[in-house]
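Structure below is input.pdb: PDB, C-alpha atoms.
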ATOM      1  CA  GLN A  20      21.925 -21.651 -17.946
ATOM      2  CA  ILE A  21      24.126 -18.556 -17.850
ATOM      3  CA  MET A  22      22.128 -17.018 -20.702
ATOM      4  CA  SER A  23      18.865 -17.800 -18.901
ATOM      5  CA  ASP A  24      20.107 -16.292 -15.645
ATOM      6  CA  LEU A  25      21.301 -13.167 -17.447
ATOM      7  CA  PHE A  26      17.949 -12.886 -19.244
ATOM      8  CA  VAL A  27      16.028 -13.089 -15.949
ATOM      9  CA  GLU A  28      18.331 -10.535 -14.316
ATOM     10  CA  ARG A  29      18.047  -8.024 -17.164
ATOM     11  CA  LEU A  30      14.308  -8.507 -17.562
ATOM     12  CA  THR A  31      13.346  -8.325 -13.893
ATOM     13  CA  GLY A  32      16.312  -6.791 -12.077
ATOM     14  CA  GLN A  33      16.503  -9.915  -9.894
ATOM     15  CA  ALA A  34      19.786 -11.798  -9.500
ATOM     16  CA  SER A  35      18.060 -15.179  -9.658
ATOM     17  CA  ALA A  36      14.788 -16.641 -10.862
ATOM     18  CA  ASP A  37      13.906 -17.566  -7.255
ATOM     19  CA  ALA A  38      13.588 -13.876  -6.381
ATOM     20  CA  VAL A  39      11.086 -12.947  -9.134
ATOM     21  CA  PRO A  40       7.684 -12.036  -7.649
ATOM     22  CA  VAL A  41       4.935 -14.454  -8.639
ATOM     23  CA  GLU A  42       1.184 -13.999  -8.810
ATOM     24  CA  VAL A  43      -0.620 -17.296  -8.905
ATOM     25  CA  ALA A  44      -4.277 -17.695  -9.789
ATOM     26  CA  LEU A  45      -5.020 -21.294  -8.880
ATOM     27  CA  MET A  46      -8.213 -23.234  -9.035
ATOM     28  CA  MET A  47      -7.871 -25.923  -6.446
ATOM     29  CA  THR A  48      -9.793 -27.384  -3.581
ATOM     30  CA  PRO A  49      -8.937 -26.266  -0.058
ATOM     31  CA  ASP A  50      -8.009 -29.880   0.686
ATOM     32  CA  THR A  51      -5.399 -29.819  -2.082
ATOM     33  CA  LEU A  52      -3.945 -26.562  -0.796
ATOM     34  CA  VAL A  53      -3.490 -27.853   2.757
ATOM     35  CA  GLY A  54      -2.211 -31.235   1.591
ATOM     36  CA  THR A  55      -5.063 -33.588   2.524
ATOM     37  CA  SER A  56      -5.945 -34.240  -1.131
ATOM     38  CA  GLU A  57      -3.912 -34.900  -4.249
ATOM     39  CA  GLN A  58      -6.541 -33.578  -6.662
ATOM     40  CA  PRO A  59      -4.680 -31.557  -9.327
ATOM     41  CA  ALA A  60      -4.919 -27.777  -9.546
ATOM     42  CA  ARG A  61      -5.395 -25.659 -12.637
ATOM     43  CA  THR A  62      -4.130 -22.179 -13.464
ATOM     44  CA  THR A  63      -6.393 -19.669 -15.173
ATOM     45  CA  ASP A  64      -4.645 -20.310 -18.498
ATOM     46  CA  GLY A  65      -5.681 -23.978 -18.309
ATOM     47  CA  THR A  66      -2.378 -25.522 -17.218
ATOM     48  CA  VAL A  67      -2.961 -28.550 -14.988
ATOM     49  CA  LEU A  68      -0.541 -28.875 -12.084
ATOM     50  CA  ALA A  69       0.022 -31.816  -9.802
ATOM     51  CA  ALA A  70      -1.159 -31.005  -6.280
ATOM     52  CA  GLN A  71       2.360 -31.002  -4.799
ATOM     53  CA  CYS A  72       3.655 -28.761  -7.608
ATOM     54  CA  ALA A  73       0.875 -26.229  -6.910
ATOM     55  CA  ARG A  74       1.611 -26.282  -3.175
ATOM     56  CA  ASP A  75       5.348 -25.834  -3.837
ATOM     57  CA  LEU A  76       4.683 -22.911  -6.160
ATOM     58  CA  VAL A  77       2.721 -21.145  -3.432
ATOM     59  CA  THR A  78       4.850 -21.978  -0.391
ATOM     60  CA  GLN A  79       8.482 -22.214  -1.521
ATOM     61  CA  GLY A  80      11.037 -19.799  -2.873
ATOM     62  CA  GLN A  81      12.419 -16.444  -1.809
ATOM     63  CA  ALA A  82      10.133 -14.371  -4.010
ATOM     64  CA  PRO A  83       6.998 -12.622  -2.820
ATOM     65  CA  THR A  84       4.015 -14.736  -3.831
ATOM     66  CA  TRP A  85       0.449 -13.524  -4.120
ATOM     67  CA  LEU A  86      -2.079 -16.315  -4.092
ATOM     68  CA  ARG A  87      -5.371 -15.428  -5.655
ATOM     69  CA  ARG A  88      -7.761 -18.128  -4.589
ATOM     70  CA  VAL A  89     -10.412 -19.149  -7.098
ATOM     71  CA  PHE A  90     -13.296 -20.935  -5.424
ATOM     72  CA  THR A  91     -15.269 -23.639  -7.177
ATOM     73  CA  ASP A  92     -18.463 -25.471  -6.405
ATOM     74  CA  PRO A  93     -17.399 -28.818  -4.877
ATOM     75  CA  ILE A  94     -20.047 -30.738  -6.853
ATOM     76  CA  THR A  95     -20.006 -29.115 -10.300
ATOM     77  CA  GLY A  96     -16.502 -27.594 -10.341
ATOM     78  CA  VAL A  97     -17.975 -24.312 -11.622
ATOM     79  CA  VAL A  98     -16.078 -21.193 -10.535
ATOM     80  CA  THR A  99     -18.179 -19.341  -7.959
ATOM     81  CA  THR A 100     -15.911 -16.489  -6.801
ATOM     82  CA  ALA A 101     -12.295 -15.357  -6.500
ATOM     83  CA  ASP A 102     -10.227 -13.331  -4.079
ATOM     84  CA  ALA A 103      -9.822  -9.659  -4.803
ATOM     85  CA  HIS A 104      -6.304  -8.520  -5.608
ATOM     86  CA  ARG A 105      -4.444  -7.585  -2.414
ATOM     87  CA  ARG A 106      -1.126  -6.514  -3.856
ATOM     88  CA  ARG A 107       0.916  -3.817  -2.194
ATOM     89  CA  PHE A 108       2.252  -2.398  -5.469
ATOM     90  CA  PHE A 109       0.209  -1.218  -8.425
ATOM     91  CA  SER A 110       0.281  -3.438 -11.503
ATOM     92  CA  ASP A 111       1.749  -2.023 -14.720
ATOM     93  CA  PRO A 112      -1.709  -1.325 -16.222
ATOM     94  CA  ASP A 113      -2.848   0.428 -13.014
ATOM     95  CA  SER A 114       0.389   2.451 -12.881
ATOM     96  CA  ARG A 115      -0.150   3.557 -16.483
ATOM     97  CA  HIS A 116      -3.752   4.461 -15.619
ATOM     98  CA  LEU A 117      -2.600   6.628 -12.684
ATOM     99  CA  ARG A 118       0.064   8.343 -14.801
ATOM    100  CA  LEU A 119      -2.414   9.097 -17.602
ATOM    101  CA  ARG A 120      -5.205  10.191 -15.254
ATOM    102  CA  ASP A 121      -3.141  12.342 -12.896
ATOM    103  CA  GLN A 122      -0.574  13.715 -15.424
ATOM    104  CA  THR A 123       1.434  15.515 -12.682
ATOM    105  CA  CYS A 124       1.876  15.223  -8.911
ATOM    106  CA  ARG A 125      -1.537  15.212  -7.199
ATOM    107  CA  HIS A 126      -0.377  17.239  -4.200
ATOM    108  CA  PRO A 127      -2.349  20.505  -4.403
ATOM    109  CA  GLY A 128      -0.302  23.205  -6.114
ATOM    110  CA  CYS A 129       2.472  20.883  -7.310
ATOM    111  CA  GLU A 130       3.016  20.300 -10.995
ATOM    112  CA  GLY A 131       6.074  18.090 -10.585
ATOM    113  CA  PRO A 132       6.460  14.878 -12.575
ATOM    114  CA  ILE A 133       4.929  11.704 -11.182
ATOM    115  CA  GLU A 134       7.671   9.560  -9.680
ATOM    116  CA  HIS A 135       5.639   7.380  -7.295
ATOM    117  CA  HIS A 136       2.275   5.629  -7.435
ATOM    118  CA  ASP A 137       0.871   5.569  -3.932
ATOM    119  CA  HIS A 138      -2.260   4.673  -2.009
ATOM    120  CA  VAL A 139      -4.534   7.512  -0.896
ATOM    121  CA  GLN A 140      -5.717   5.382   2.045
ATOM    122  CA  PRO A 141      -2.513   3.563   3.063
ATOM    123  CA  PHE A 142      -2.248  -0.122   2.237
ATOM    124  CA  ALA A 143      -1.227  -0.782   5.858
ATOM    125  CA  THR A 144      -4.624   0.453   7.071
ATOM    126  CA  GLY A 145      -6.605  -1.596   4.553
ATOM    127  CA  GLY A 146      -6.473   0.681   1.530
ATOM    128  CA  PRO A 147      -6.976  -1.323  -1.668
ATOM    129  CA  THR A 148      -4.464  -1.274  -4.509
ATOM    130  CA  THR A 149      -6.877   0.123  -7.087
ATOM    131  CA  PRO A 150      -6.827   3.192  -9.349
ATOM    132  CA  ALA A 151      -9.667   4.691  -7.272
ATOM    133  CA  ASN A 152      -7.400   4.548  -4.187
ATOM    134  CA  GLY A 153      -4.259   5.509  -6.088
ATOM    135  CA  GLN A 154      -2.505   8.748  -6.834
ATOM    136  CA  GLY A 155       0.588   9.859  -8.693
ATOM    137  CA  LEU A 156       2.998  11.893  -6.569
ATOM    138  CA  CYS A 157       6.426  13.430  -6.959
ATOM    139  CA  GLN A 158       9.073  11.972  -4.678
ATOM    140  CA  ALA A 159       9.025  14.881  -2.225
ATOM    141  CA  HIS A 160       5.251  14.890  -1.746
ATOM    142  CA  ASN A 161       5.124  11.117  -1.390
ATOM    143  CA  GLN A 162       7.528  11.486   1.533
ATOM    144  CA  VAL A 163       5.620  14.455   2.998
ATOM    145  CA  LYS A 164       2.414  12.404   2.873
ATOM    146  CA  GLU A 165       3.923   9.968   5.371
ATOM    147  CA  MET A 166       4.855  12.615   7.938
ATOM    148  CA  PRO A 167       2.792  12.995  11.128
ATOM    149  CA  GLY A 168      -0.281  15.202  10.802
ATOM    150  CA  TRP A 169      -0.778  14.826   7.057
ATOM    151  CA  THR A 170      -3.847  12.968   5.804
ATOM    152  CA  HIS A 171      -5.041  12.153   2.312
ATOM    153  CA  ARG A 172      -8.574  11.037   1.551
ATOM    154  CA  ALA A 173     -10.314  10.237  -1.732
ATOM    155  CA  THR A 174     -13.617  12.114  -1.636
ATOM    156  CA  ASP A 175     -14.882  11.325  -5.140
ATOM    157  CA  THR A 176     -13.569   8.308  -7.041
ATOM    158  CA  ARG A 177     -15.876   8.440 -10.062
ATOM    159  CA  ALA A 178     -14.158   8.424 -13.444
ATOM    160  CA  GLY A 179     -13.531  12.003 -14.526
ATOM    161  CA  HIS A 180     -14.046  13.328 -10.975
ATOM    162  CA  HIS A 181     -11.243  11.665  -9.003
ATOM    163  CA  THR A 182     -10.760  14.075  -6.094
ATOM    164  CA  ILE A 183      -8.290  13.853  -3.233
ATOM    165  CA  GLU A 184      -8.568  15.905  -0.065
ATOM    166  CA  VAL A 185      -5.277  16.733   1.665
ATOM    167  CA  THR A 186      -5.253  17.956   5.268
ATOM    168  CA  THR A 187      -2.055  19.537   6.595
ATOM    169  CA  PRO A 188      -0.748  19.331  10.174
ATOM    170  CA  THR A 189      -2.168  22.841  10.768
ATOM    171  CA  GLY A 190      -5.668  21.644   9.869
ATOM    172  CA  HIS A 191      -5.903  23.330   6.460
ATOM    173  CA  THR A 192      -7.666  21.255   3.819
ATOM    174  CA  TYR A 193      -6.948  21.374   0.089
ATOM    175  CA  ARG A 194      -8.482  19.455  -2.792
ATOM    176  CA  SER A 195      -6.872  18.053  -5.907
ATOM    177  CA  GLN A 196      -8.993  16.847  -8.803
ATOM    178  CA  ALA A 197      -7.530  14.842 -11.654
ATOM    179  CA  PRO A 198      -7.312  17.075 -14.752
ATOM    180  CA  PRO A 199      -9.243  16.225 -17.913
ATOM    181  CA  GLY A 200      -7.379  13.991 -20.346
ATOM    182  CA  LEU A 201      -8.198  16.300 -23.255
ATOM    183  CA  PRO A 202      -9.198  19.941 -23.366
ATOM    184  CA  PRO A 203     -12.947  20.568 -23.713
ATOM    185  CA  PRO A 204     -14.226  20.756 -27.303
ATOM    186  CA  ALA A 205     -14.158  24.242 -28.808
TER     187      ALA A 205
END

Target encoding structure tokens, full file:
Amino acid sequence: QIMSDLFVERLTGQASADAVPVEVALMMTPDTLVGTSEQPARTTDGTVLAAQCARDLVTQGQAPTWLRRVFTDPITGVVTTADAHRRRFFSDPDSRHLRLRDQTCRHPGCEGPIEHHDHVQPFATGGPTTPANGQGLCQAHNQVKEMPGWTHRATDTRAGHHTIEVTTPTGHTYRSQAPPGLPPPA
């Protein structure tokens, strides 16, 4: 047990397994989720879970839990749709994407190293946690972004054109476009 606890702590930075964030993609009926049915649930990797185990996984523990609901047709059981990701923090693949796309801090005129991955439209106001709504910033400009009077807006989110418009408290507007990944062919 000590070895397992140490492994979890070194791997995740958490002092106990209860504190490790969990993302759960469950296929289950709404009745099972609320406790009026004991029909088993299934994870996307095919693991079948008893109804109570699935409910416990979602509702208990100290760790942040993101439930991604997968909806099925009640007659056929065929998957019809799933919730979009609503995480506050960028996943590792999305963070790598932002770092590779942006290369340096996206604040206009700054070429500092990327230290933070942040939302262009803040998460608190409904901004999605997607690469199109993400930007790499140095620590200082991530803090400046949160100060009164500063606004950031993604004006073009197409691949190869990702453009952010920054408006300062004095009303000046500047644009930052993600640089090309490679120089143009000679």

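The residue that comes closest to Met46 in chain A, out of A:Phe26, A:Pro203, A:Leu68, A:Thr174 and on the basis of all atoms listed in the file, is A:Leu68.
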
Between A:Tyr193, A:Arg125, A:His181, A:Thr144, smallest distance to Asn161 in chain A by only C-alpha atoms belongs to A:Arg125

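You can rank A:His126, A:His135, A:Lys164, A:Arg115 by their closest distance to Thr182 in chain A using all atoms listed in the file, and at the top of that list sits A:His126.
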
What lies within 9 Å of Pro198 in chain A using all atoms listed in the file, ignoring chain neighbours under 4 positions off, as a ChimeraX atom specification? /A:120-122,179-181

Quick one: what's the axis-aligned box for range 109-124 of chain A, all listed atoms, 8 Å on every side, centre and edges in Å to one decimal, as AutoDock Vina command-line options?
--center_x -1.7 --center_y 6.0 --center_z -13.0 --size_x 23.1 --size_y 35.0 --size_z 25.2

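Among A:Pro202, A:Gly54, A:Gly131, A:Gly155, the residue with the shortest atom-to-atom distance to Arg118 in chain A, counting only C-alpha atoms, is A:Gly155.
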
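For the pair CA of Cys157 in chain A and CA of Val139 in chain A, the interatomic distance is 13.9 Å.
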
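With CA of Thr149 in chain A on one side and CA of Glu134 in chain A on the other, the separation reads 17.5 Å.
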
Could you tell me, as a PyMOL selection string, exactly which residues end up selected when the PyMOL selection byres ((chain A and resi 189) around 12) is applied to this structure? chain A and resi 167-170+185-188+190-193

Take the residues from that selection and put them in a file with C-alpha atoms, as a short mmCIF file (atom, residue, chain, number, x, y, z; two decimals), in the coordinates of the input.
data_model
loop_
_atom_site.label_atom_id
_atom_site.label_comp_id
_atom_site.auth_asym_id
_atom_site.auth_seq_id
_atom_site.Cartn_x
_atom_site.Cartn_y
_atom_site.Cartn_z
CA PRO A 167 2.79 13.00 11.13
CA GLY A 168 -0.28 15.20 10.80
CA TRP A 169 -0.78 14.83 7.06
CA THR A 170 -3.85 12.97 5.80
CA VAL A 185 -5.28 16.73 1.66
CA THR A 186 -5.25 17.96 5.27
CA THR A 187 -2.06 19.54 6.60
CA PRO A 188 -0.75 19.33 10.17
CA GLY A 190 -5.67 21.64 9.87
CA HIS A 191 -5.90 23.33 6.46
CA THR A 192 -7.67 21.26 3.82
CA TYR A 193 -6.95 21.37 0.09
#

To one decimal place in Å, what is the distance between CA of Thr66 in chain A and CA of Leu25 in chain A? 26.7 Å

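Closest approach to Arg74 in chain A among A:Glu28, A:Asp50, A:Leu201, A:Ser110: A:Asp50, based on only C-alpha atoms.
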
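Among the candidate residues A:Thr123, A:Asp137, A:Leu45, A:Thr148, the one lying nearest to Gly65 in chain A is A:Leu45, with distances computed using only C-alpha atoms.
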
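Applied to the file shown here, the PyMOL selection byres ((chain A and resi 172) around 6) selects the residues Val139, His171, Ala173, Ile183 and Glu184 of chain A.
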
Run the PyMOL selection byres ((chain A and resi 57) around 12) on the file and write out the hits as a JSON list (two decimals) with C-alpha atoms, keeping the file's coordinate frame.
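Final output, saved to part-v8.json:
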[["chain", "number", "residue", "atom", "x", "y", "z"],
["A", 47, "MET", "CA", -7.87, -25.92, -6.45],
["A", 48, "THR", "CA", -9.79, -27.38, -3.58],
["A", 49, "PRO", "CA", -8.94, -26.27, -0.06],
["A", 50, "ASP", "CA", -8.01, -29.88, 0.69],
["A", 51, "THR", "CA", -5.40, -29.82, -2.08],
["A", 52, "LEU", "CA", -3.94, -26.56, -0.80],
["A", 53, "VAL", "CA", -3.49, -27.85, 2.76],
["A", 54, "GLY", "CA", -2.21, -31.24, 1.59],
["A", 55, "THR", "CA", -5.06, -33.59, 2.52],
["A", 56, "SER", "CA", -5.94, -34.24, -1.13],
["A", 58, "GLN", "CA", -6.54, -33.58, -6.66],
["A", 59, "PRO", "CA", -4.68, -31.56, -9.33],
["A", 60, "ALA", "CA", -4.92, -27.78, -9.55],
["A", 68, "LEU", "CA", -0.54, -28.88, -12.08],
["A", 69, "ALA", "CA", 0.02, -31.82, -9.80],
["A", 70, "ALA", "CA", -1.16, -31.00, -6.28],
["A", 71, "GLN", "CA", 2.36, -31.00, -4.80],
["A", 72, "CYS", "CA", 3.66, -28.76, -7.61],
["A", 73, "ALA", "CA", 0.88, -26.23, -6.91],
["A", 74, "ARG", "CA", 1.61, -26.28, -3.18]]
